[in-house]
Amino acid sequence: MGRYLAVGTIHKKEPCDLRIFFSHSETEFLVTGPDRDNLGLQKRSSREILGDLGRHAFDLVFAGQNDFPYFNPRKGISRNLSNVFWKLLCHPSLLRGFFFPYSALRTRLIGLDLLDRPVIDTRRFRMLRHCVCYFKCQLPPNPCNAFLYATAKTEDAGNVLHLDFFKRAITKLRPISLGIDPAGTQDFSTCAAEKKIDIFFAGDARNRPNRQAGIKQLERLKAEGYRVLIAQQPLPRGEFLERCAQSYIVWSPEGHGWDCFRHYESALAGSVPLMQSPTIRRYAPFKEDEQALYYYVEGDHLERRVRQALQNRQRLLEMGQAARHHVLQWHTHEALRRYVIEETLNTVAAQRTNHSI
């Protein structure tokens with residue numbers, strides 16, 4: 001077991017890049033963002049932690065989002081300078097992230113990007129330049145697209161590969177899933193119920209064209225006599241889990257990004273997640289017709305896919321159990337931590353082998 005350091009912002013509202021290490025006893029945290037560490041993750045002073053880092057006491061360093069204000073290439077110099085000034089005036093703690101010694105580290109550095117953004121903005125470039133691997137959740141199938149509009153020279157994906165920095169960066173990109181935290185896994189550990197619902201959806205459809213189109217198709221299925229439950233208002237956690245467990249299929253369209261917590265929650269409940277055709281490069285994906293169902297957003301393919309699947313409800317029960325086992329094997333925080341560490345060490349070993357040839 002190694003000793004690890006996780007560095008970055010701990011967000012109050014949006015999911016945090018470092019969350020897969022929250023429950024890991026061998027990981028220390030250095031908070032560099034503007035928000036207070038309400039979870040109490042940083043146990044020691046920054047000076048003590050940086051002292052240990054200088055003495056190479058950590059085996060790996062995991063770097064998440066650094067909220068130090070970056071220069072946006074699509075904004076003028078005065079606006080960028082104003083942004084930096086006001087951010088630092090309100091949150092002097094951001095300087096801790098700015099001065100973090102990415103370039104001076106002798107410890108192996110790993111980048112973590114579990115946010116819903118498909119592109120990698122320039123504030124992460126310094127870390128990306130020095131890391132061994134960069135694990136990104138919403139990784140485009142064409143990795144060049146992860147850098148679109150990041151600089152004035154990358155307004156076209158074809159330009160990305162003409163720049164040495166991006167060519168090296170692309171070799172470091174790895175997919176990772178949102179996964180499900182230990183509390184969520186515990187919530188679903190005893191989740192079992194008689195199937196009373198053919199297909200269930202819970203989520204906000206406002207300003208979501210694909211969801212609005214899908215709900216119309218679900219309503220047509222309901223008019224045909226299928227047992228359809230649609231909840232567009234937030235459900236209490238317990239009720240949501242119960243409804244998932246009672247359903248043969250849970251419709252799980254994308255949220256702000258393609259990967260969605262609902263994919264894994266519905267599977268853990270023993271239901272079959274119904275997801276739209278992937279728009280990202282995935283880690284340990286659900287297999288079509290074995291652990292999940294997929295549909296195209298065009299036309300009425302969603303309702304046709306549901307009708308087809310419900311012709312064999314016994315098969316859906318088997319798929320639901322297979323989906324549950326798949327999540328427990330690959331998409332818990334423990335499994336994701338193991339993947340990040342092993343993939344990094346394998347990459348280092350491969351680099352050593354190539355250099356020795």
# chains A, B, ... in the order shown; residues from 1 in each chain; ligands from 1

$ select_by_dssp --residues "segment 76-222 of chain A" --states "strand (DSSP E or B)" --output "VMD selection string"
chain A and resid 108 to 113 133 to 136 173 to 175 180 197 to 202

$ residues_around --residues "Gly225 of chain A" --least-positions-apart "6" --cutoff "12 Å" --atoms "only C-alpha atoms" --output "ChimeraX atom specification"
/A:197-199,218-219,307

$ residues_around --residues "segment 336-348 of chain A" --least-positions-apart "2" --cutoff "10 Å" --atoms "only C-alpha atoms" --output "VMD selection string"
chain A and resid 2 20 to 21 24 60 62 108 to 112 131 to 135 172 174 to 180 283 329 to 334 350 to 354

$ write_last_selection --atoms "C-alpha atoms" --output "PDB file, in the first residue's frame"
ATOM      1  CA  GLY A   2       1.460   3.355  -1.027  1.00  0.00           C
ATOM      2  CA  ILE A  20     -12.823   8.675  -5.750  1.00  0.00           C
ATOM      3  CA  PHE A  21     -10.146   9.147  -3.060  1.00  0.00           C
ATOM      4  CA  HIS A  24      -9.154   6.146   0.847  1.00  0.00           C
ATOM      5  CA  LEU A  60       1.886   9.277  -6.263  1.00  0.00           C
ATOM      6  CA  PHE A  62      -3.264  13.000  -7.882  1.00  0.00           C
ATOM      7  CA  ARG A 108       4.750  10.687 -10.324  1.00  0.00           C
ATOM      8  CA  LEU A 109       1.815  12.963 -11.110  1.00  0.00           C
ATOM      9  CA  ILE A 110      -1.649  11.836 -12.267  1.00  0.00           C
ATOM     10  CA  GLY A 111      -4.347  14.138 -13.602  1.00  0.00           C
ATOM     11  CA  LEU A 112      -8.013  13.581 -12.707  1.00  0.00           C
ATOM     12  CA  CYS A 131       1.660  14.156 -15.510  1.00  0.00           C
ATOM     13  CA  VAL A 132       2.119  10.506 -16.441  1.00  0.00           C
ATOM     14  CA  CYS A 133      -1.586   9.909 -17.229  1.00  0.00           C
ATOM     15  CA  TYR A 134      -4.644  12.151 -17.385  1.00  0.00           C
ATOM     16  CA  PHE A 135      -7.936  10.431 -16.590  1.00  0.00           C
ATOM     17  CA  LYS A 172      -1.596  10.626 -21.729  1.00  0.00           C
ATOM     18  CA  ARG A 174      -7.316   7.790 -20.413  1.00  0.00           C
ATOM     19  CA  PRO A 175     -11.085   7.275 -19.949  1.00  0.00           C
ATOM     20  CA  ILE A 176     -12.666   6.961 -16.529  1.00  0.00           C
ATOM     21  CA  SER A 177     -16.262   6.709 -15.335  1.00  0.00           C
ATOM     22  CA  LEU A 178     -18.172   8.773 -12.782  1.00  0.00           C
ATOM     23  CA  GLY A 179     -18.694   5.601 -10.782  1.00  0.00           C
ATOM     24  CA  ILE A 180     -20.635   5.410  -7.550  1.00  0.00           C
ATOM     25  CA  TYR A 283     -13.979   2.942 -19.351  1.00  0.00           C
ATOM     26  CA  GLN A 329     -16.595  -5.000 -10.296  1.00  0.00           C
ATOM     27  CA  TRP A 330     -15.567  -1.912 -12.273  1.00  0.00           C
ATOM     28  CA  HIS A 331     -17.319   1.295 -11.210  1.00  0.00           C
ATOM     29  CA  THR A 332     -17.150   1.659  -7.445  1.00  0.00           C
ATOM     30  CA  HIS A 333     -14.715   4.248  -6.093  1.00  0.00           C
ATOM     31  CA  GLU A 334     -12.478   1.434  -4.865  1.00  0.00           C
ATOM     32  CA  ALA A 350       6.020   0.595 -20.532  1.00  0.00           C
ATOM     33  CA  GLN A 351       7.924   3.875 -20.809  1.00  0.00           C
ATOM     34  CA  ARG A 352      10.939   2.338 -19.081  1.00  0.00           C
ATOM     35  CA  THR A 353      10.835  -0.648 -21.422  1.00  0.00           C
ATOM     36  CA  ASN A 354      10.695   1.585 -24.503  1.00  0.00           C
TER      37      ASN A 354
END

$ closest_residue --among "A:Leu163, A:Ala309, A:Ile77, A:Leu229" --to "Arg243 of chain A" --atoms "only C-alpha atoms"
A:Leu229

$ select_by_dssp --residues "segment 15-61 of chain A" --states "helix (DSSP H, G or I)" --output "ChimeraX atom specification"
/A:19-21,46-54

$ write_last_selection --atoms "C-alpha atoms" --output "compact mmCIF listing (two decimals), in the first residue's frame"
# COMPACT_ATOMS: atom_id res chain seq x y z
CA ARG A 19 -13.98 12.22 -4.94
CA ILE A 20 -12.82 8.68 -5.75
CA PHE A 21 -10.15 9.15 -3.06
CA SER A 46 -0.23 23.04 3.85
CA ARG A 47 3.35 23.75 4.94
CA GLU A 48 3.69 20.29 6.52
CA ILE A 49 2.23 18.56 3.47
CA LEU A 50 4.45 20.48 1.04
CA GLY A 51 7.43 19.66 3.25
CA ASP A 52 6.71 15.95 2.93
CA LEU A 53 6.22 16.41 -0.80
CA GLY A 54 9.68 18.00 -1.04

$ residues_around --residues "His130 of chain A" --least-positions-apart "5" --cutoff "12 Å" --atoms "only C-alpha atoms" --output "list in words"
Val61, Phe62, Ala63, Pro101, Tyr102, Ser103, Ala104, Leu105, Arg106, Thr107, Arg108, Leu109, Ile110, Gly111, Arg124, Phe125, Phe165, Arg168, Ala169 and Lys172 of chain A

$ atom_distance --atom1 "atom CA of Lys153 of chain A" --atom2 "atom CA of Asp121 of chain A"
13.5 Å

$ residues_around --residues "Phe147 of chain A" --least-positions-apart "2" --cutoff "9 Å" --atoms "only C-alpha atoms" --output "ChimeraX atom specification"
/A:118-122,143-145,149-151,154-155,157,160,166

$ write_last_selection --atoms "N, CA and C atoms" --output "compact mmCIF listing (two decimals), in the first residue's frame"
# COMPACT_ATOMS: atom_id res chain seq x y z
N PRO A 118 -16.46 18.57 -21.88
CA PRO A 118 -15.78 17.73 -22.87
C PRO A 118 -14.40 18.22 -23.24
N VAL A 119 -14.08 19.48 -22.95
CA VAL A 119 -12.76 20.02 -23.31
C VAL A 119 -11.90 20.19 -22.06
N ILE A 120 -10.60 20.27 -22.28
CA ILE A 120 -9.64 20.51 -21.20
C ILE A 120 -9.18 21.95 -21.33
N ASP A 121 -9.50 22.77 -20.34
CA ASP A 121 -9.17 24.19 -20.46
C ASP A 121 -7.71 24.45 -20.07
N THR A 122 -7.24 25.64 -20.38
CA THR A 122 -5.81 25.94 -20.26
C THR A 122 -5.32 25.96 -18.82
N PRO A 143 -9.74 12.12 -29.44
CA PRO A 143 -9.14 12.88 -28.33
C PRO A 143 -8.69 14.28 -28.72
N CYS A 144 -8.50 14.54 -30.01
CA CYS A 144 -8.15 15.89 -30.44
C CYS A 144 -9.23 16.90 -30.04
N ASN A 145 -10.48 16.44 -30.00
CA ASN A 145 -11.58 17.35 -29.68
C ASN A 145 -11.57 17.82 -28.23
N TYR A 149 -10.65 24.82 -29.21
CA TYR A 149 -10.82 26.20 -28.72
C TYR A 149 -10.09 26.45 -27.40
N ALA A 150 -9.22 25.53 -26.99
CA ALA A 150 -8.45 25.77 -25.77
C ALA A 150 -7.44 26.89 -25.98
N THR A 151 -6.95 27.02 -27.19
CA THR A 151 -6.05 28.12 -27.54
C THR A 151 -6.49 28.69 -28.89
N THR A 154 -6.17 26.18 -31.85
CA THR A 154 -6.86 24.88 -31.88
C THR A 154 -8.35 25.05 -32.15
N GLU A 155 -8.68 25.94 -33.07
CA GLU A 155 -10.08 26.10 -33.46
C GLU A 155 -10.54 25.02 -34.41
N ALA A 157 -9.85 20.67 -35.12
CA ALA A 157 -9.21 19.48 -34.56
C ALA A 157 -7.96 19.10 -35.34
N VAL A 160 -4.65 20.46 -33.94
CA VAL A 160 -4.16 19.98 -32.65
C VAL A 160 -2.90 19.14 -32.82
N PHE A 166 0.26 19.19 -27.67
CA PHE A 166 -0.99 18.44 -27.76
C PHE A 166 -0.74 17.01 -28.21

$ closest_residue --among "A:Pro182, A:Gly8, A:Gly270, A:Pro141" --to "Phe98 of chain A" --atoms "only C-alpha atoms"
A:Gly8

$ closest_atom_pairs --of "segment 67-148 of chain A" --to "segment 249-261 of chain A" --cutoff "10 Å" --atoms "only C-alpha atoms" --output "tab-separated table"
residue	atom	partner	partner_atom	distance
A:Leu114	CA	A:Asp259	CA	9.9
A:Leu115	CA	A:Gly257	CA	8.5
A:Asp116	CA	A:Gly257	CA	5.0
A:Arg117	CA	A:Gly257	CA	7.0
A:Pro118	CA	A:Gly257	CA	7.6
A:Cys137	CA	A:Asp259	CA	7.4
A:Gln138	CA	A:Gly257	CA	6.5
A:Leu139	CA	A:Trp258	CA	9.7

$ closest_residue --among "A:Leu94, A:Leu221, A:Leu88, A:Ala57" --to "Arg304 of chain A" --atoms "only C-alpha atoms"
A:Leu221

$ residues_around --residues "Gln217 of chain A" --least-positions-apart "3" --cutoff "8 Å" --atoms "only C-alpha atoms" --output "PyMOL selection string"
chain A and resi 213-214+220-221+300+302-303

$ closest_residue --among "A:Lys222, A:Lys136, A:His326, A:Arg129" --to "Lys167 of chain A" --atoms "only C-alpha atoms"
A:Arg129

$ residues_around --residues "segment 41-45 of chain A" --least-positions-apart "4" --cutoff "10 Å" --atoms "only C-alpha atoms" --output "VMD selection string"
chain A and resid 6 to 7 10 22 to 23 27 to 31 37 49 to 51

$ atom_distance --atom1 "atom CA of Pro236 of chain A" --atom2 "atom CA of Lys216 of chain A"
24.4 Å
